[in-house]
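Okay, final21.txt now, which holds compact mmCIF, C-alpha atoms and all ligand atoms:
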# COMPACT_ATOMS: atom_id res chain seq x y z
CA MET A 1 109.64 212.86 21.62
CA GLU A 2 111.02 214.26 24.82
CA ILE A 3 111.45 211.80 27.63
CA ASP A 4 110.72 212.92 31.13
CA ILE A 5 112.97 210.78 33.27
CA PHE A 6 110.90 211.65 36.36
CA ARG A 7 107.77 210.12 34.90
CA PRO A 8 107.35 206.33 34.99
CA VAL A 9 107.31 204.72 31.57
CA PHE A 10 104.29 202.58 32.59
CA PRO A 11 101.46 204.11 34.43
CA LEU A 12 102.14 203.82 38.19
CA ARG A 13 98.97 201.84 38.86
CA PHE A 14 99.95 199.20 36.36
CA GLY A 15 103.41 198.85 37.95
CA VAL A 16 101.96 198.43 41.41
CA ILE A 17 99.50 195.77 40.23
CA LEU A 18 102.31 193.91 38.48
CA CYS A 19 104.52 193.97 41.61
CA VAL A 20 101.72 192.82 43.89
CA SER A 21 100.70 189.97 41.63
CA VAL A 22 104.33 188.78 41.18
CA PHE A 23 104.87 188.97 44.95
CA THR A 24 101.59 187.14 45.66
CA SER A 25 102.26 184.34 43.25
CA VAL A 26 105.85 183.87 44.52
CA SER A 27 104.68 183.88 48.15
CA LEU A 28 101.82 181.53 47.38
CA ARG A 29 104.18 179.06 45.76
CA TYR A 30 106.62 179.39 48.63
CA PHE A 31 103.98 179.05 51.35
CA SER A 32 102.16 176.19 49.68
CA ALA A 33 105.47 174.26 49.46
CA LEU A 34 106.14 175.07 53.12
CA PHE A 35 102.61 174.09 54.07
CA LEU A 36 102.99 170.76 52.26
CA ARG A 37 106.26 170.07 54.06
CA VAL A 38 104.85 170.89 57.49
CA SER A 39 101.79 168.69 56.85
CA ALA A 40 104.02 165.80 55.73
CA LEU A 41 106.07 166.21 58.90
CA PHE A 42 102.94 166.18 61.07
CA LEU A 43 101.70 163.09 59.29
CA ARG A 44 105.00 161.28 59.88
CA VAL A 45 105.06 162.20 63.55
CA SER A 46 101.46 161.01 64.00
CA VAL A 47 102.14 157.71 62.20
CA LEU A 48 105.26 157.14 64.30
CA SER A 49 103.51 157.90 67.57
CA LEU A 50 100.59 155.69 66.54
CA GLN A 51 103.03 152.87 65.77
CA TYR A 52 104.76 153.45 69.12
CA MET A 53 101.43 153.42 70.98
CA LYS A 54 100.31 150.32 69.11
CA SER A 55 103.64 148.50 69.60
CA ASN A 56 103.24 145.85 72.23
CA LYS A 57 106.94 145.72 72.96
CA ILE A 58 107.89 146.05 76.59
CA ILE A 59 110.99 146.68 78.69
CA ILE A 60 112.23 143.75 80.77
CA THR A 61 114.71 144.39 83.56
CA ILE A 62 116.71 141.67 85.32
CA ASP A 63 118.59 142.67 88.45
CA GLY A 64 120.28 140.60 91.10
CA TRP A 65 123.42 139.38 92.81
CA SER A 66 126.68 138.64 91.03
CA SER A 67 126.79 135.44 89.01
CA CYS A 68 123.26 134.27 89.52
CA GLY A 69 122.63 133.74 85.83
CA LYS A 70 121.11 137.10 84.89
CA SER A 71 122.89 137.38 81.58
CA THR A 72 122.08 133.80 80.56
CA LEU A 73 118.38 134.40 81.17
CA ALA A 74 118.40 137.87 79.62
CA ARG A 75 120.08 136.60 76.46
CA GLN A 76 117.70 133.65 76.06
CA LEU A 77 114.66 135.81 76.72
CA ALA A 78 115.75 138.42 74.18
CA LYS A 79 116.30 135.72 71.57
CA LYS A 80 112.86 134.16 72.10
CA LEU A 81 111.06 137.50 71.98
CA ASP A 82 113.22 138.95 69.23
CA TYR A 83 114.25 141.76 71.58
CA THR A 84 117.63 143.44 72.09
CA TYR A 85 119.73 142.24 74.99
CA ILE A 86 121.90 144.78 76.82
CA ASP A 87 124.45 143.67 79.40
CA SER A 88 124.79 146.83 81.53
CA GLY A 89 127.53 145.18 83.61
CA ALA A 90 129.67 145.03 80.47
CA MET A 91 129.55 148.83 80.32
CA TYR A 92 130.92 149.19 83.88
CA ARG A 93 133.52 146.53 83.13
CA ALA A 94 134.63 148.34 79.94
CA ILE A 95 134.91 151.67 81.80
CA THR A 96 137.00 149.92 84.49
CA LEU A 97 139.24 148.45 81.81
CA TYR A 98 139.79 151.93 80.36
CA PHE A 99 140.61 153.36 83.81
CA LEU A 100 143.09 150.54 84.51
CA ARG A 101 144.80 150.77 81.14
CA ASN A 102 145.09 154.56 81.33
CA HIS A 103 146.04 154.72 85.01
CA VAL A 104 143.07 156.93 85.83
CA ASP A 105 142.98 157.85 89.51
CA TRP A 106 139.28 157.25 90.20
CA GLU A 107 139.54 158.93 93.59
CA SER A 108 139.86 162.20 91.66
CA SER A 109 136.55 163.43 90.28
CA ARG A 110 138.41 165.69 87.84
CA GLU A 111 140.33 162.74 86.36
CA VAL A 112 137.17 160.63 86.17
CA LYS A 113 135.23 163.36 84.34
CA GLN A 114 138.12 163.88 81.92
CA ALA A 115 138.50 160.14 81.28
CA LEU A 116 134.78 159.66 80.63
CA LYS A 117 134.99 162.26 77.86
CA ASN A 118 137.37 159.92 76.06
CA ILE A 119 135.24 156.80 76.36
CA GLU A 120 132.89 155.63 73.66
CA LEU A 121 130.90 152.46 74.28
CA GLU A 122 128.95 150.57 71.67
CA PHE A 123 127.18 147.21 71.44
CA ILE A 124 127.52 145.44 68.10
CA PHE A 125 125.72 142.21 67.28
CA ASN A 126 128.06 139.35 66.37
CA PRO A 127 126.17 136.84 64.21
CA ILE A 128 128.77 134.12 64.94
CA SER A 129 128.41 134.27 68.73
CA ALA A 130 124.77 135.41 68.35
CA ASN A 131 125.54 138.02 70.99
CA SER A 132 125.71 141.79 71.27
CA GLU A 133 129.35 142.44 72.07
CA ILE A 134 130.77 145.54 73.70
CA TYR A 135 133.26 147.83 71.99
CA LEU A 136 135.42 150.32 73.85
CA ASN A 137 136.56 153.12 71.54
CA GLY A 138 136.17 150.81 68.56
CA GLU A 139 137.88 147.78 70.12
CA ASN A 140 135.96 144.59 70.90
CA VAL A 141 136.59 144.06 74.63
CA GLU A 142 133.84 141.48 75.26
CA PHE A 143 136.37 138.80 76.28
CA VAL A 144 138.99 140.83 78.14
CA ILE A 145 136.50 142.57 80.48
CA ARG A 146 135.61 139.18 82.04
CA ASP A 147 139.15 138.88 83.46
CA MET A 148 139.60 138.80 87.24
CA VAL A 149 141.78 141.93 87.07
CA VAL A 150 138.70 143.87 85.93
CA ALA A 151 136.34 141.97 88.27
CA GLU A 152 138.53 143.03 91.23
CA LYS A 153 137.95 146.74 90.56
CA VAL A 154 134.64 147.02 88.74
CA SER A 155 132.43 147.50 91.80
CA GLU A 156 134.64 150.36 93.07
CA VAL A 157 134.40 152.09 89.70
CA ALA A 158 130.66 151.38 89.35
CA ALA A 159 130.03 153.11 92.68
CA ILE A 160 131.27 156.48 91.32
CA LYS A 161 128.43 158.95 90.71
CA GLU A 162 129.83 160.34 87.44
CA VAL A 163 130.41 156.85 86.07
CA ARG A 164 126.83 155.85 86.87
CA GLU A 165 125.40 158.99 85.26
CA PHE A 166 127.48 158.33 82.15
CA ALA A 167 126.27 154.71 81.87
CA VAL A 168 122.64 155.29 82.87
CA ASP A 169 122.16 158.07 80.26
CA GLN A 170 123.24 155.68 77.51
CA GLN A 171 121.15 152.81 78.89
CA ARG A 172 118.02 154.96 78.82
CA ILE A 173 118.66 155.93 75.20
CA MET A 174 118.96 152.23 74.32
CA GLY A 175 115.54 151.59 75.88
CA ARG A 176 113.69 154.33 73.96
CA GLY A 177 112.24 151.99 71.38
CA LYS A 178 111.28 149.38 74.00
CA GLY A 179 111.74 145.70 72.98
CA ILE A 180 114.72 145.41 75.27
CA VAL A 181 115.99 143.06 77.98
CA MET A 182 118.60 144.69 80.20
CA ASP A 183 120.35 143.07 83.15
CA GLY A 184 122.32 144.67 85.95
CA ARG A 185 121.92 145.95 89.50
CA ASP A 186 119.77 149.10 89.23
CA ILE A 187 117.87 148.59 86.00
CA GLY A 188 114.43 148.10 87.54
CA THR A 189 114.99 150.67 90.29
CA THR A 190 116.84 153.54 88.58
CA VAL A 191 117.26 153.07 84.86
CA PHE A 192 113.72 151.94 83.94
CA PRO A 193 111.53 152.34 87.04
CA HIS A 194 108.43 152.05 84.80
CA ALA A 195 109.47 148.85 83.05
CA GLU A 196 106.57 146.48 82.37
CA LEU A 197 108.39 143.39 83.70
CA LYS A 198 111.00 143.44 86.45
CA ILE A 199 112.76 140.28 87.58
CA PHE A 200 115.02 140.05 90.62
CA MET A 201 117.31 137.04 90.46
CA THR A 202 118.94 135.21 93.29
CA ALA A 203 120.60 131.83 93.99
CA ASP A 204 122.48 130.15 96.83
CA ASN A 205 125.95 131.60 97.40
CA ALA A 206 127.73 128.26 96.99
CA VAL A 207 125.91 127.58 93.71
CA ARG A 208 126.79 131.03 92.37
CA VAL A 209 130.48 130.61 93.28
CA GLU A 210 130.58 127.17 91.67
CA ARG A 211 128.97 128.43 88.44
CA ARG A 212 131.29 131.44 88.09
CA PHE A 213 134.37 129.35 88.97
CA LYS A 214 133.58 126.85 86.19
CA GLU A 215 133.06 129.67 83.71
CA LEU A 216 136.35 131.41 84.60
CA PHE A 217 138.37 128.19 84.93
CA GLU A 218 137.63 127.34 81.28
CA LYS A 219 139.30 130.58 80.23
CA ASN A 220 142.06 130.62 82.84
CA PRO A 221 143.04 127.45 84.75
CA ASN A 222 145.05 129.56 87.24
CA VAL A 223 141.95 130.94 88.89
CA SER A 224 141.06 129.51 92.32
CA LEU A 225 137.67 128.82 93.89
CA GLU A 226 138.66 130.95 96.90
CA GLU A 227 139.52 133.91 94.69
CA VAL A 228 136.16 133.68 92.91
CA LYS A 229 134.25 133.36 96.20
CA ASN A 230 135.99 136.41 97.70
CA ASN A 231 135.35 138.44 94.58
CA LEU A 232 131.62 137.67 94.51
CA GLU A 233 131.24 138.48 98.21
CA MET A 234 133.17 141.73 97.86
CA ARG A 235 131.18 142.85 94.80
CA ASP A 236 127.85 141.99 96.38
CA TYR A 237 128.83 143.97 99.47
CA ILE A 238 129.95 147.08 97.55
CA ASP A 239 127.04 146.87 95.07
CA SER A 240 124.40 146.74 97.79
CA ASN A 241 125.98 149.30 100.13
CA ARG A 242 127.05 152.07 97.76
CA GLU A 243 125.37 155.48 98.01
CA VAL A 244 124.26 155.85 94.40
CA SER A 245 121.69 153.33 93.08
CA PRO A 246 122.56 150.42 95.36
CA LEU A 247 121.45 146.93 94.39
CA ARG A 248 117.87 146.59 95.64
CA GLN A 249 114.87 144.54 94.70
CA ALA A 250 112.35 146.85 93.03
CA ARG A 251 108.97 146.79 94.79
CA SER A 252 107.17 145.44 91.74
CA ALA A 253 109.86 142.88 90.86
CA ILE A 254 109.18 139.15 90.68
CA VAL A 255 111.82 137.13 92.54
CA LEU A 256 113.40 134.29 90.62
CA ASP A 257 115.52 131.94 92.73
CA ASN A 258 117.27 129.65 90.29
CA THR A 259 119.31 127.59 92.79
CA ASN A 260 117.50 124.44 91.69
CA LEU A 261 116.41 125.46 88.21
CA THR A 262 118.00 124.56 84.88
CA PRO A 263 118.40 127.36 82.32
CA GLU A 264 115.46 125.85 80.37
CA GLU A 265 113.21 125.88 83.44
CA GLN A 266 114.02 129.49 84.33
CA LEU A 267 113.48 130.55 80.73
CA LYS A 268 110.05 128.89 80.67
CA LEU A 269 109.01 130.80 83.79
CA ALA A 270 110.32 134.17 82.64
CA LEU A 271 108.89 133.72 79.16
CA LYS A 272 105.44 133.18 80.61
CA TRP A 273 105.72 136.35 82.71
CA ALA A 274 106.91 138.30 79.67
CA ARG A 275 104.12 137.00 77.41
CA ASP A 276 101.52 137.82 80.07
CA ARG A 277 102.81 141.40 80.30
CA ILE A 278 102.91 141.76 76.52
CA ALA A 279 99.30 140.52 76.31
CA GLU A 280 98.25 142.94 79.08
CA LYS A 281 99.80 145.78 77.13
CA ALA A 282 98.06 144.72 73.94
CA ALA A 283 94.71 144.59 75.72
CA LYS A 284 94.99 148.18 76.96
O1 LIG B 301 128.07 138.89 85.64
P1 LIG B 301 128.07 139.44 87.02
O2 LIG B 301 126.74 139.36 87.68
O3 LIG B 301 129.14 138.87 87.88
O4 LIG B 301 128.45 140.98 86.93
P2 LIG B 301 128.19 142.02 85.78
O5 LIG B 301 126.74 142.07 85.41
O6 LIG B 301 129.15 141.79 84.69
O7 LIG B 301 128.52 143.40 86.52
C1 LIG B 301 129.83 143.69 86.96
C2 LIG B 301 129.75 144.76 88.02
O8 LIG B 301 129.27 145.96 87.42
C3 LIG B 301 128.84 144.51 89.20
O9 LIG B 301 129.45 143.77 90.23
C4 LIG B 301 128.50 145.93 89.65
O10 LIG B 301 129.50 146.45 90.46
C5 LIG B 301 128.51 146.71 88.35
N1 LIG B 301 127.17 146.94 87.82
C6 LIG B 301 126.44 147.98 88.35
O11 LIG B 301 126.86 148.64 89.28
N2 LIG B 301 125.23 148.30 87.83
C7 LIG B 301 124.72 147.61 86.83
N3 LIG B 301 123.56 147.95 86.31
C8 LIG B 301 125.44 146.52 86.28
C9 LIG B 301 126.66 146.20 86.81

How does the structure come out when it is put into structure tokens?
Amino acid sequence: MEIDIFRPVFPLRFGVILCVSVFTSVSLRYFSALFLRVSALFLRVSVLSLQYMKSNKIIITIDGWSSCGKSTLARQLAKKLDYTYIDSGAMYRAITLYFLRNHVDWESSREVKQALKNIELEFIFNPISANSEIYLNGENVEFVIRDMVVAEKVSEVAAIKEVREFAVDQQRIMGRGKGIVMDGRDIGTTVFPHAELKIFMTADNAVRVERRFKELFEKNPNVSLEEVKNNLEMRDYIDSNREVSPLRQARSAIVLDNTNLTPEEQLKLALKWARDRIAEKAAK
């Protein structure tokens, strides 16, 4: 039999039907798998947002003057509520330590920007100290950043716009899941202006100096009361007079003067405020 190579072996109609049905079944399989995946994704997003909406966790901000016990209260509060405690001051101290060690000229915006690119900050929970400790480029600097050498310069560094942007961006990311207690100077005003509970702490100057002196003297007996007093006054001045995010009491903040309060008494007060706010959120 002679074969005409220009004529299809199967009738054309049959070929077309075969192609269409193969194409349809392949596409159906492909699209149904895609459809299933997209639906699963939607379901996950809805469950997550429902959980987020239903979560009664809040953000608690504690701002105030140097050495008035913010971190003590923040830490205790976080422990009682099973929240995360973030010491924002530790971030500024760690950045200052990096600048000092690497002789960064913080008058030069170019040098500051370049230096910030090389800084990685992280908080890691230490079960022994029961505290979130700060790491600077992988090194635990929780202890060294409390030194007077850092305290002397930290307010100058913390007043730099680029430094604040760098720290605030990270602080906001840490607060995304709520359930956080963060202390500092601008947490209730700039970092989390919509926080459910804002506390502004204060105490008599002499009491603050005495408390910080005792704390530092235990680590370094060479420190003098005068030196500590001057440092607190200088930091309070720079912190409340700088251009970017100066230390201010947020309008909706509750003032907590702990001059005559023990840590237990201040915790009791703050815990009540926090539980009230959590209950208000749950009732909404
Ligand atoms: O413990 P203390 O209150 O003495 O200070 P800190 O919380 O360790 O903060 C050290 C310094 O970081 C402050 O004096 C401020 O200059 C700066 N800081 C800031 O500018 N903004 C914050 N949110 C936290 C600290």

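Nearest-residue note for Arg251 of chain A: choosing from A:Ser88, A:Ser32, A:Ser224, A:Thr189, the minimum distance belongs to A:Thr189, counting all atoms listed in the file.
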
Using all atoms listed in the file, which of the listed residues (A:Thr61, A:Ser252, A:Asn222, A:Ser39) sits closest to ligand LIG 301 (chain B)?
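Using all atoms listed in the file, ligand LIG 301 (chain B) sits closest to A:Thr61.
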
Just give me the gap between atom CA of Ala90 of chain A and atom CA of Val191 of chain A in Å, one decimal is fine.
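Pair atom CA of Ala90 of chain A / atom CA of Val191 of chain A returns 15.4 Å.
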
Please return the centre and edge lengths, in Å to one decimal, of a box with edges along x, y and z that contains all listed atoms of ligand LIG 301 (chain B), widened by 6 Å on every side, as AutoDock Vina command-line options.
--center_x 126.7 --center_y 143.8 --center_z 87.6 --size_x 18.3 --size_y 21.8 --size_z 17.8

Hey, which residues sit close to ligand LIG 301 (chain B)? Say within 7 Å, counting all atoms listed in the file, and write them as a count of residues only.
26

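Interatomic distance, atom CA of Gly179 of chain A against atom CA of Lys79 of chain A: 11.1 Å.
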
One number please: atom CA of Phe99 of chain A to atom CA of Ala115 of chain A, in Å, one decimal.
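Going from atom CA of Phe99 of chain A over to atom CA of Ala115 of chain A, I get 7.5 Å.
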
Can you list, as a PyMOL selection string, every protein, DNA or RNA residue that comes within 9 Å of Gln249 of chain A when you count all atoms listed in the file, leaving out same-chain residues fewer than 5 positions away?
chain A and resi 63-64+185-186+188-189+199-201+254-255

Residues as selected, C-alpha atoms, written as a compact mmCIF listing (two decimals), keeping the file's coordinate frame, can you do that?
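Contents of result.txt, freshly written:
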# COMPACT_ATOMS: atom_id res chain seq x y z
CA ASP A 63 118.59 142.67 88.45
CA GLY A 64 120.28 140.60 91.10
CA ARG A 185 121.92 145.95 89.50
CA ASP A 186 119.77 149.10 89.23
CA GLY A 188 114.43 148.10 87.54
CA THR A 189 114.99 150.67 90.29
CA ILE A 199 112.76 140.28 87.58
CA PHE A 200 115.02 140.05 90.62
CA MET A 201 117.31 137.04 90.46
CA ILE A 254 109.18 139.15 90.68
CA VAL A 255 111.82 137.13 92.54

For each of A:Leu256, A:Met148, A:Val207, A:Ala130, take the minimum atom-to-atom distance to Val223 of chain A, counting only C-alpha atoms, then give the residue where this is smallest.
A:Met148

From the set A:Leu121, A:Val168, A:Leu73, A:Ile59, which residue has the shortest atom-to-atom contact distance to Leu269 of chain A, counting all atoms listed in the file?
A:Leu73

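Minimum atom-to-atom distances from A:Asp147, A:Leu136, A:Arg37, A:Leu247 to Phe217 of chain A were compared using only C-alpha atoms, and the lowest value belongs to A:Asp147.
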
Would you be able to write out as an mmCIF file with C-alpha atoms, in the coordinates of the input which residues have an atom within 10 Å of (132.7, 134.9, 88.8) in the file's coordinates, counting all atoms listed in the file?
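So selection_32.cif came out as:
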data_model
loop_
_atom_site.group_PDB
_atom_site.id
_atom_site.type_symbol
_atom_site.label_atom_id
_atom_site.label_comp_id
_atom_site.auth_asym_id
_atom_site.auth_seq_id
_atom_site.Cartn_x
_atom_site.Cartn_y
_atom_site.Cartn_z
ATOM 1 C CA SER A 66 126.680 138.640 91.030
ATOM 2 C CA SER A 67 126.790 135.440 89.010
ATOM 3 C CA CYS A 68 123.260 134.270 89.520
ATOM 4 C CA ARG A 146 135.610 139.180 82.040
ATOM 5 C CA ASP A 147 139.150 138.880 83.460
ATOM 6 C CA MET A 148 139.600 138.800 87.240
ATOM 7 C CA ALA A 151 136.340 141.970 88.270
ATOM 8 C CA ARG A 208 126.790 131.030 92.370
ATOM 9 C CA VAL A 209 130.480 130.610 93.280
ATOM 10 C CA GLU A 210 130.580 127.170 91.670
ATOM 11 C CA ARG A 211 128.970 128.430 88.440
ATOM 12 C CA ARG A 212 131.290 131.440 88.090
ATOM 13 C CA PHE A 213 134.370 129.350 88.970
ATOM 14 C CA LYS A 214 133.580 126.850 86.190
ATOM 15 C CA GLU A 215 133.060 129.670 83.710
ATOM 16 C CA LEU A 216 136.350 131.410 84.600
ATOM 17 C CA PHE A 217 138.370 128.190 84.930
ATOM 18 C CA LEU A 225 137.670 128.820 93.890
ATOM 19 C CA GLU A 227 139.520 133.910 94.690
ATOM 20 C CA VAL A 228 136.160 133.680 92.910
ATOM 21 C CA LYS A 229 134.250 133.360 96.200
ATOM 22 C CA ASN A 230 135.990 136.410 97.700
ATOM 23 C CA ASN A 231 135.350 138.440 94.580
ATOM 24 C CA LEU A 232 131.620 137.670 94.510
#

Closest of A:Leu34, A:Ala167, A:Ile160, A:Val150 to Glu120 of chain A - atom-to-atom distances counting only C-alpha atoms:
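Using only C-alpha atoms, Glu120 of chain A sits closest to A:Ala167.
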